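Undergrad: Input query.cif, format and content: mmCIF, C-alpha atoms and all ligand atoms.
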data_input
loop_
_atom_site.label_atom_id
_atom_site.label_comp_id
_atom_site.auth_asym_id
_atom_site.auth_seq_id
_atom_site.Cartn_x
_atom_site.Cartn_y
_atom_site.Cartn_z
CA MET A 1 -96.40 -170.96 -169.53
CA THR A 2 -95.87 -169.71 -165.98
CA GLY A 3 -93.96 -166.73 -164.71
CA TYR A 4 -91.67 -168.79 -162.47
CA ALA A 5 -87.93 -169.11 -163.07
CA VAL A 6 -87.87 -172.54 -161.41
CA GLU A 7 -90.89 -174.70 -160.68
CA ILE A 8 -90.60 -178.03 -158.91
CA GLU A 9 -93.98 -179.71 -158.72
CA ASP A 10 -94.82 -182.65 -156.49
CA VAL A 11 -91.44 -184.24 -157.09
CA ALA A 12 -90.06 -187.50 -155.71
CA VAL A 13 -86.57 -188.85 -156.33
CA ARG A 14 -85.69 -192.46 -155.63
CA PHE A 15 -82.24 -193.93 -156.12
CA ARG A 16 -82.10 -197.67 -156.68
CA THR A 17 -78.69 -199.26 -156.27
CA LYS A 18 -77.73 -202.92 -155.85
CA LYS A 19 -77.29 -202.40 -152.12
CA ARG A 20 -80.25 -200.17 -151.24
CA ASP A 21 -83.18 -198.10 -152.34
CA VAL A 22 -83.12 -194.52 -151.13
CA THR A 23 -85.99 -192.07 -151.33
CA ALA A 24 -84.04 -188.83 -151.41
CA LEU A 25 -86.98 -186.46 -151.93
CA ARG A 26 -90.73 -186.82 -151.71
CA ASP A 27 -93.71 -184.47 -152.22
CA VAL A 28 -91.45 -181.52 -152.98
CA THR A 29 -93.10 -178.46 -154.45
CA MET A 30 -91.10 -175.28 -154.75
CA ARG A 31 -91.48 -172.19 -156.92
CA VAL A 32 -88.89 -169.49 -157.46
CA ASP A 33 -89.62 -166.13 -159.05
CA PRO A 34 -87.27 -164.62 -161.66
CA GLY A 35 -84.54 -162.63 -159.93
CA GLU A 36 -85.30 -164.14 -156.54
CA PHE A 37 -82.58 -165.39 -154.18
CA VAL A 38 -83.67 -168.60 -152.47
CA ALA A 39 -81.55 -170.49 -149.96
CA ILE A 40 -82.11 -174.17 -149.20
CA VAL A 41 -81.13 -175.50 -145.78
CA GLY A 42 -81.51 -178.87 -144.13
CA PRO A 43 -79.59 -181.70 -142.50
CA SER A 44 -76.88 -183.60 -144.31
CA GLY A 45 -78.26 -186.09 -146.82
CA CYS A 46 -81.77 -184.55 -146.95
CA GLY A 47 -81.60 -184.04 -150.72
CA LYS A 48 -80.42 -180.44 -151.14
CA SER A 49 -77.89 -181.24 -153.89
CA THR A 50 -80.48 -183.49 -155.50
CA LEU A 51 -82.82 -180.48 -155.73
CA LEU A 52 -80.17 -178.49 -157.60
CA LYS A 53 -79.42 -181.42 -159.92
CA LEU A 54 -83.14 -181.63 -160.73
CA SER A 55 -83.24 -177.91 -161.50
CA SER A 56 -80.27 -178.21 -163.87
CA GLY A 57 -81.64 -181.25 -165.67
CA LEU A 58 -78.65 -183.37 -164.61
CA LEU A 59 -81.14 -185.65 -162.86
CA ALA A 60 -84.71 -186.57 -163.79
CA PRO A 61 -87.37 -186.89 -161.07
CA SER A 62 -88.86 -190.34 -160.40
CA SER A 63 -92.24 -188.60 -160.39
CA GLY A 64 -93.48 -185.04 -160.63
CA SER A 65 -92.22 -182.29 -162.89
CA VAL A 66 -89.50 -179.64 -163.10
CA ARG A 67 -89.80 -176.51 -165.23
CA LEU A 68 -87.40 -173.67 -165.94
CA HIS A 69 -89.08 -170.49 -167.18
CA GLY A 70 -92.20 -172.51 -167.89
CA GLU A 71 -90.37 -175.06 -170.02
CA SER A 72 -90.28 -178.69 -168.95
CA VAL A 73 -86.73 -179.80 -168.03
CA SER A 74 -85.95 -183.01 -169.91
CA GLY A 75 -82.14 -183.03 -169.98
CA PRO A 76 -79.08 -180.98 -168.98
CA ARG A 77 -79.79 -177.28 -169.42
CA LYS A 78 -77.36 -174.83 -170.95
CA ASP A 79 -79.09 -171.77 -169.55
CA ILE A 80 -77.89 -172.25 -165.99
CA GLY A 81 -74.69 -171.52 -164.09
CA TYR A 82 -73.41 -173.98 -161.46
CA VAL A 83 -70.96 -173.32 -158.62
CA PHE A 84 -69.80 -176.14 -156.36
CA GLN A 85 -67.93 -176.31 -153.05
CA LYS A 86 -64.73 -177.05 -154.95
CA ALA A 87 -63.75 -174.46 -157.53
CA ALA A 88 -62.48 -177.28 -159.81
CA LEU A 89 -60.11 -175.03 -161.79
CA LEU A 90 -57.65 -176.35 -164.34
CA GLU A 91 -54.20 -175.98 -162.76
CA TRP A 92 -52.46 -175.28 -166.06
CA ARG A 93 -54.71 -172.42 -167.03
CA SER A 94 -54.64 -168.87 -165.65
CA ALA A 95 -57.68 -167.36 -163.93
CA ARG A 96 -58.70 -165.65 -167.16
CA LYS A 97 -58.31 -168.85 -169.19
CA ASN A 98 -60.27 -170.86 -166.62
CA ILE A 99 -63.14 -168.41 -166.99
CA LEU A 100 -62.84 -168.52 -170.78
CA LEU A 101 -63.38 -172.28 -170.70
CA GLN A 102 -67.11 -171.62 -170.48
CA ALA A 103 -66.91 -169.49 -173.65
CA GLU A 104 -64.91 -172.17 -175.48
CA MET A 105 -67.43 -174.85 -174.58
CA ARG A 106 -70.25 -172.66 -175.87
CA GLY A 107 -68.49 -171.45 -179.00
CA MET A 108 -68.88 -167.81 -177.93
CA PRO A 109 -67.18 -165.33 -180.29
CA ALA A 110 -63.72 -164.42 -178.93
CA ARG A 111 -64.34 -160.67 -178.78
CA GLU A 112 -67.60 -161.03 -176.91
CA ALA A 113 -66.02 -163.55 -174.50
CA LYS A 114 -63.05 -161.29 -173.78
CA ALA A 115 -65.28 -158.30 -173.03
CA ARG A 116 -67.44 -160.40 -170.73
CA VAL A 117 -64.41 -161.83 -168.87
CA ASP A 118 -63.04 -158.30 -168.34
CA GLU A 119 -66.41 -157.23 -166.95
CA LEU A 120 -66.64 -160.23 -164.60
CA ILE A 121 -63.06 -159.89 -163.37
CA GLU A 122 -63.82 -156.33 -162.39
CA MET A 123 -67.18 -157.23 -160.85
CA THR A 124 -65.67 -159.94 -158.64
CA GLY A 125 -62.60 -157.95 -157.59
CA LEU A 126 -60.09 -160.18 -159.38
CA THR A 127 -58.39 -157.31 -161.18
CA GLY A 128 -54.61 -157.82 -161.02
CA PHE A 129 -54.94 -161.61 -160.73
CA GLU A 130 -56.20 -162.37 -164.24
CA ASP A 131 -52.97 -164.12 -165.18
CA ALA A 132 -52.41 -165.95 -161.90
CA TYR A 133 -52.62 -169.74 -161.87
CA PRO A 134 -54.95 -171.51 -159.42
CA HIS A 135 -52.11 -172.41 -157.01
CA GLU A 136 -51.30 -168.69 -156.77
CA LEU A 137 -54.86 -167.82 -155.69
CA SER A 138 -56.44 -168.00 -152.23
CA GLY A 139 -59.50 -170.23 -151.71
CA GLY A 140 -61.77 -167.18 -151.87
CA MET A 141 -60.17 -166.02 -155.13
CA GLN A 142 -60.52 -169.49 -156.63
CA GLN A 143 -64.24 -169.39 -155.83
CA ARG A 144 -64.46 -165.95 -157.46
CA VAL A 145 -62.96 -167.46 -160.61
CA ALA A 146 -65.50 -170.31 -160.43
CA LEU A 147 -68.29 -167.74 -160.03
CA CYS A 148 -67.05 -165.79 -163.08
CA ARG A 149 -66.96 -169.01 -165.10
CA ALA A 150 -70.55 -169.79 -164.02
CA LEU A 151 -71.77 -166.28 -164.90
CA LEU A 152 -69.95 -165.89 -168.22
CA HIS A 153 -72.97 -166.72 -170.42
CA ARG A 154 -75.32 -164.57 -168.30
CA PRO A 155 -77.41 -167.52 -167.09
CA PRO A 156 -80.88 -166.51 -165.90
CA VAL A 157 -80.54 -169.12 -163.13
CA LEU A 158 -77.47 -169.65 -160.95
CA LEU A 159 -77.27 -172.84 -158.86
CA MET A 160 -74.82 -172.79 -155.96
CA ASP A 161 -74.06 -175.93 -153.95
CA GLU A 162 -72.28 -175.02 -150.68
CA PRO A 163 -70.02 -172.63 -152.62
CA PHE A 164 -68.31 -171.21 -149.52
CA GLY A 165 -68.29 -174.36 -147.37
CA ALA A 166 -64.53 -174.85 -147.67
CA LEU A 167 -63.56 -171.23 -146.87
CA ASP A 168 -62.46 -169.83 -143.51
CA ALA A 169 -65.08 -167.84 -141.59
CA LEU A 170 -63.78 -164.37 -142.48
CA THR A 171 -63.39 -165.10 -146.19
CA ARG A 172 -66.84 -166.66 -146.16
CA GLU A 173 -68.38 -163.47 -144.73
CA GLN A 174 -66.58 -161.41 -147.35
CA MET A 175 -67.82 -163.72 -150.11
CA ASN A 176 -71.38 -163.44 -148.76
CA VAL A 177 -71.20 -159.66 -149.07
CA GLU A 178 -69.72 -159.94 -152.59
CA LEU A 179 -72.30 -162.49 -153.71
CA ARG A 180 -75.19 -160.33 -152.57
CA ARG A 181 -73.78 -157.36 -154.46
CA ILE A 182 -73.13 -159.44 -157.60
CA TRP A 183 -76.64 -160.89 -157.43
CA GLN A 184 -78.09 -157.38 -157.25
CA GLU A 185 -75.97 -156.32 -160.23
CA THR A 186 -76.73 -159.35 -162.41
CA LYS A 187 -80.39 -159.76 -161.37
CA THR A 188 -80.04 -163.51 -161.90
CA THR A 189 -82.22 -166.02 -160.03
CA VAL A 190 -80.14 -167.82 -157.38
CA LEU A 191 -80.73 -171.15 -155.66
CA LEU A 192 -78.16 -171.57 -152.91
CA VAL A 193 -77.63 -174.73 -150.88
CA THR A 194 -75.95 -174.01 -147.57
CA HIS A 195 -75.37 -175.57 -144.17
CA SER A 196 -75.12 -172.15 -142.58
CA ILE A 197 -78.37 -170.65 -141.30
CA ALA A 198 -76.71 -167.23 -140.95
CA GLU A 199 -75.52 -167.34 -144.58
CA ALA A 200 -79.00 -168.35 -145.76
CA VAL A 201 -80.74 -165.52 -143.89
CA TYR A 202 -78.17 -162.86 -144.79
CA LEU A 203 -78.28 -163.70 -148.50
CA ALA A 204 -81.77 -164.84 -149.35
CA ASP A 205 -85.22 -163.40 -149.96
CA ARG A 206 -86.69 -166.72 -148.85
CA VAL A 207 -85.28 -169.76 -147.08
CA VAL A 208 -86.64 -173.23 -147.87
CA MET A 209 -86.21 -175.73 -145.05
CA ILE A 210 -85.91 -179.40 -145.95
CA THR A 211 -86.44 -182.23 -143.46
CA ALA A 212 -84.18 -185.24 -142.98
CA ARG A 213 -84.47 -188.04 -145.53
CA PRO A 214 -86.75 -188.51 -147.29
CA GLY A 215 -86.41 -184.81 -147.83
CA THR A 216 -89.55 -182.77 -148.03
CA VAL A 217 -90.26 -179.07 -147.58
CA ALA A 218 -90.69 -178.45 -143.84
CA GLY A 219 -91.42 -174.77 -144.31
CA VAL A 220 -90.46 -171.62 -146.13
CA ILE A 221 -89.66 -168.31 -144.49
CA GLU A 222 -89.64 -164.88 -146.03
CA VAL A 223 -86.65 -162.83 -144.90
CA ASN A 224 -87.94 -159.36 -144.13
CA LEU A 225 -84.60 -157.59 -144.14
CA PRO A 226 -83.85 -154.50 -146.26
CA LYS A 227 -82.53 -155.01 -149.81
CA GLU A 228 -79.32 -153.18 -148.87
CA ARG A 229 -77.73 -155.38 -146.21
CA ASP A 230 -74.66 -154.20 -144.36
CA TYR A 231 -73.18 -157.43 -142.93
CA GLY A 232 -72.52 -156.23 -139.38
CA LYS A 233 -75.78 -154.32 -139.07
CA THR A 234 -77.81 -157.18 -140.50
CA MET A 235 -76.43 -159.61 -137.90
CA SER A 236 -77.75 -157.39 -135.11
CA GLU A 237 -81.20 -156.79 -136.64
CA PRO A 238 -84.07 -158.30 -134.60
CA GLU A 239 -85.46 -159.74 -137.87
CA PHE A 240 -82.18 -161.60 -138.44
CA ALA A 241 -82.34 -163.14 -134.96
CA LYS A 242 -86.00 -164.03 -135.43
CA ALA A 243 -85.43 -165.71 -138.80
CA THR A 244 -82.39 -167.72 -137.68
CA ARG A 245 -84.19 -168.84 -134.51
CA HIS A 246 -87.23 -169.88 -136.53
CA ILE A 247 -85.11 -172.03 -138.87
CA ARG A 248 -83.16 -173.57 -136.00
CA ASP A 249 -86.38 -174.43 -134.16
CA HIS A 250 -87.84 -175.95 -137.30
CA LEU A 251 -84.88 -178.10 -138.22
CA GLY A 252 -83.53 -178.91 -134.75
CA ALA A 253 -80.31 -177.35 -133.51
CA ALA A 254 -78.21 -180.39 -134.33
CA ALA A 255 -79.49 -180.66 -137.87
CA VAL A 256 -77.62 -177.74 -139.38
CA ALA A 257 -74.17 -176.47 -138.52
CA GLU A 258 -73.78 -172.75 -137.91
N1 LIG A 301 -76.53 -191.06 -157.48
C1 LIG A 301 -76.99 -191.50 -156.31
N2 LIG A 301 -77.19 -192.82 -156.10
C2 LIG A 301 -77.68 -193.29 -154.94
N3 LIG A 301 -78.02 -192.50 -153.91
C3 LIG A 301 -77.83 -191.17 -154.03
C4 LIG A 301 -77.31 -190.61 -155.23
N4 LIG A 301 -77.24 -189.26 -155.08
C5 LIG A 301 -77.69 -188.99 -153.84
N5 LIG A 301 -78.05 -190.14 -153.21
C6 LIG A 301 -78.62 -190.23 -151.87
O1 LIG A 301 -79.72 -189.32 -151.78
C7 LIG A 301 -79.74 -188.68 -150.53
C8 LIG A 301 -79.69 -187.18 -150.72
O2 LIG A 301 -78.40 -186.81 -151.22
P1 LIG A 301 -77.97 -185.28 -151.47
O3 LIG A 301 -76.56 -185.30 -151.91
O4 LIG A 301 -78.96 -184.62 -152.31
O5 LIG A 301 -78.08 -184.69 -149.99
P2 LIG A 301 -77.58 -183.28 -149.39
O6 LIG A 301 -78.70 -182.75 -148.56
O7 LIG A 301 -77.09 -182.41 -150.49
O8 LIG A 301 -76.39 -183.75 -148.46
P3 LIG A 301 -75.12 -182.94 -147.88
O9 LIG A 301 -75.67 -181.77 -147.12
O10 LIG A 301 -74.45 -183.92 -146.98
O11 LIG A 301 -74.27 -182.54 -149.05
C9 LIG A 301 -78.56 -189.24 -149.73
O12 LIG A 301 -79.04 -190.25 -148.90
C10 LIG A 301 -77.65 -189.80 -150.78
O13 LIG A 301 -76.94 -190.91 -150.29
#
Please rewrite the model in this file as C-alpha cells.

TA:
Amino acid sequence: MTGYAVEIEDVAVRFRTKKRDVTALRDVTMRVDPGEFVAIVGPSGCGKSTLLKLSSGLLAPSSGSVRLHGESVSGPRKDIGYVFQKAALLEWRSARKNILLQAEMRGMPAREAKARVDELIEMTGLTGFEDAYPHELSGGMQQRVALCRALLHRPPVLLMDEPFGALDALTREQMNVELRRIWQETKTTVLLVTHSIAEAVYLADRVVMITARPGTVAGVIEVNLPKERDYGKTMSEPEFAKATRHIRDHLGAAAVAE
C-alpha cells in the first residue's frame, strides 16, 4: 500500500490500428497525493486524455502500472468522477434529474440521493435552475450540472478533461474560481487536463508538462501561490508570471494555446 491517490508507474500506451501504430505515452511516472490538485498541460495529441483514461481504468497500459489509493487498476473504476468538455446532458431530463442519473446508476437510496443533489445544487450555485432543461441553461450552467453529476457519489478522485474548453473567456474565469472553491470544500483529488497555462497555474498545486507524442513527462512545477487565490490578484502575482513563463518555455509557445 502507498499513500498516493493516483500512481502511474513507468507507463507506456501503444495503440495498434490497421492503418498505424501510435505510441501515445512512454516512460510516464506520475504520483498524486490525496486532496492534491494537479493540472496536466501539453500539446494536442500528446496523450493527456489517455492519462485520464488510464487513471479511470477505461484503458489499460501496454506496460507499467496504474494504482488508485494503492490498489492496482484493472478495469473501470466506480470511485472516480469524470467531467468532459461536453456536458453530455440528457435533453429530456431537468438539471436535477440529470444529476440524479448518477444515483440511479449506482442504486443510491432515494433519500440520500435527494439530500446530496440539494447540497450540490447549492454548492455550485444552481439554486433556482434545478427544474430547468439543458436547452434552458447556459454553457457554464450545463458544466455545473455535469460537475454535480460527477461529484454526487463523493468520489475521492475527480478527473476533468478540458471541462471549460468550450466556454467563453469570462464564463471560464468564473468557473475556474468556482472549481477552486468547490475543490477546497470537497477535498477531493483532482486531475485536470487543460490547454490553458493560466487555468493550470491558477487552479493547481502542481502542473505536469507533457511533451509532444510520444508523450512523456517533460517536467513538473510546484505552484507557490497562496491557498486562497483571488482571481485578479493571482494574475498579477510575480509567482503566477514566473510559473506561466516556465511552462511556456518548457513546452514551446506554439504548443499550448493560452
Ligand atoms: N483509441 C485510440 N486508438 C488509436 N489511437 C488513439 C486512440 N486514442 C488516442 N489515440 C492516439 O493517441 C494519441 C494521444 O491521444 P490523446 O487523446 O490522449 O491526446 P490529447 O493530448 O488528449 O489530445 P488533445 O489535446 O488534442 O485532446 C493521439 O495521437 C491519438 O491519435

Undergrad: Rank A:Leu251, A:Ile182, A:Ala218, A:Leu90 by their smallest atom-to-atom distance to A:Glu119, using only C-alpha atoms, and report the top residue only.

TA: A:Ile182

Undergrad: All residues within 7 Å of ligand LIG 301 (chain A) are required, counting all atoms listed in the file; please report them as a PyMOL selection string.

TA: chain A and resi 15-17+22-24+42-51+195+213

Undergrad: Can you write out the residues you just picked, keeping C-alpha atoms, as an mmCIF file, in the frame of the given file?

TA:
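selection-v9.cif, freshly written:
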data_model
loop_
_atom_site.group_PDB
_atom_site.id
_atom_site.type_symbol
_atom_site.label_atom_id
_atom_site.label_comp_id
_atom_site.auth_asym_id
_atom_site.auth_seq_id
_atom_site.Cartn_x
_atom_site.Cartn_y
_atom_site.Cartn_z
ATOM 1 C CA PHE A 15 -82.240 -193.930 -156.120
ATOM 2 C CA ARG A 16 -82.100 -197.670 -156.680
ATOM 3 C CA THR A 17 -78.690 -199.260 -156.270
ATOM 4 C CA VAL A 22 -83.120 -194.520 -151.130
ATOM 5 C CA THR A 23 -85.990 -192.070 -151.330
ATOM 6 C CA ALA A 24 -84.040 -188.830 -151.410
ATOM 7 C CA GLY A 42 -81.510 -178.870 -144.130
ATOM 8 C CA PRO A 43 -79.590 -181.700 -142.500
ATOM 9 C CA SER A 44 -76.880 -183.600 -144.310
ATOM 10 C CA GLY A 45 -78.260 -186.090 -146.820
ATOM 11 C CA CYS A 46 -81.770 -184.550 -146.950
ATOM 12 C CA GLY A 47 -81.600 -184.040 -150.720
ATOM 13 C CA LYS A 48 -80.420 -180.440 -151.140
ATOM 14 C CA SER A 49 -77.890 -181.240 -153.890
ATOM 15 C CA THR A 50 -80.480 -183.490 -155.500
ATOM 16 C CA LEU A 51 -82.820 -180.480 -155.730
ATOM 17 C CA HIS A 195 -75.370 -175.570 -144.170
ATOM 18 C CA ARG A 213 -84.470 -188.040 -145.530
#

Undergrad: Find the residues around A:Val145 up to 7 Å (all atoms listed in the file counted), leave out those fewer than 3 positions away in its own chain, and share them as a list in words.

TA: Ala95, Ile99, Met141, Gln142, Cys148 and Arg149 of chain A

Undergrad: For the residues in that selection, give me C-alpha atoms as a compact mmCIF listing (two decimals), keeping the file's coordinate frame.

TA:
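result17.txt was written with the following content:
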# COMPACT_ATOMS: atom_id res chain seq x y z
CA ALA A 95 -57.68 -167.36 -163.93
CA ILE A 99 -63.14 -168.41 -166.99
CA MET A 141 -60.17 -166.02 -155.13
CA GLN A 142 -60.52 -169.49 -156.63
CA CYS A 148 -67.05 -165.79 -163.08
CA ARG A 149 -66.96 -169.01 -165.10

Undergrad: Quick one: everything within 6 Å of A:Val207, counting only C-alpha atoms, minus sequence neighbours fewer than 5 positions away in the same chain. Send it as a list of chain:residue names.

TA: A:Val38, A:Ala39, A:Ile40, A:Val220, A:Ile221

Undergrad: Using atom CA of A:Asn176 and atom CA of A:Thr211 as the two end points, give the distance in Å to one decimal.

TA: 24.7 Å

Undergrad: Quick one: residues within 7 Å of A:Thr29, all atoms listed in the file counted, chain neighbours fewer than 5 positions away excluded, as an MDAnalysis selection string?

TA: chainID A and resid 8:11

Undergrad: Atom CA of A:Ile210 and atom CA of A:Leu191 are how many Å apart?

TA: 13.8 Å

Undergrad: Could you please determine the separation between atom CA of A:Glu7 and atom CA of A:Ser65 in Å, to one decimal place?

TA: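 Between these atoms lies a distance of 8.0 Å.
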
Undergrad: Neighbouring residues of A:Ala12 were defined as those with any atom within 6 Å, considering all atoms listed in the file; residues of the same chain fewer than 5 positions away were excluded. Please report them as a PyMOL selection string.

TA: chain A and resi 25-27+62-63

Undergrad: For A:Gln102, work out the shell of residues within 9 Å, counting only C-alpha atoms and skipping chain neighbours fewer than 5 positions away, then give it as a PyMOL selection string.

TA: chain A and resi 107-108+149-150+152-153

Undergrad: Point out the residue among A:Glu136, A:Glu130, A:Asp205, A:Asp230 with the least atom-to-atom distance to A:Val177, counting all atoms listed in the file.

TA: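 Using all atoms listed in the file, the shortest distance to A:Val177 belongs to A:Asp230.
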
Undergrad: Mind giving me the axis-aligned box for stretch 83-102 of chain A with 4 Å on every side, centre plus edges in Å to one decimal, as AutoDock Vina command-line options?

TA:
--center_x -61.7 --center_y -171.5 --center_z -161.9 --size_x 26.5 --size_y 19.6 --size_z 25.7

Undergrad: Determine the nearest neighbour of A:Phe129 from the options A:Arg96, A:Arg106, A:Arg31, A:Arg111, counting only C-alpha atoms.

TA: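 Using only C-alpha atoms, A:Phe129 sits closest to A:Arg96.
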
Undergrad: Which one of A:Trp92, A:Leu137, A:Ala5, A:Arg116 sits closest to A:Ser72 if you count all atoms listed in the file?

TA: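 Under the stated criterion, the closest residue is A:Ala5.
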
Undergrad: Find, counting all atoms listed in the file, the residue in A:Arg180, A:Arg144, A:Arg245, A:Arg67 that gets nearest to A:Ala87.

TA: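 Counting all atoms listed in the file, the residue closest to A:Ala87 is A:Arg144.
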
Undergrad: Which one is closest to A:Trp183: A:Asp79, A:Tyr231, A:Phe37, A:Gly215? Count all atoms listed in the file.

TA: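 Looking only at the distances to A:Trp183, the closest residue turns out to be A:Phe37.
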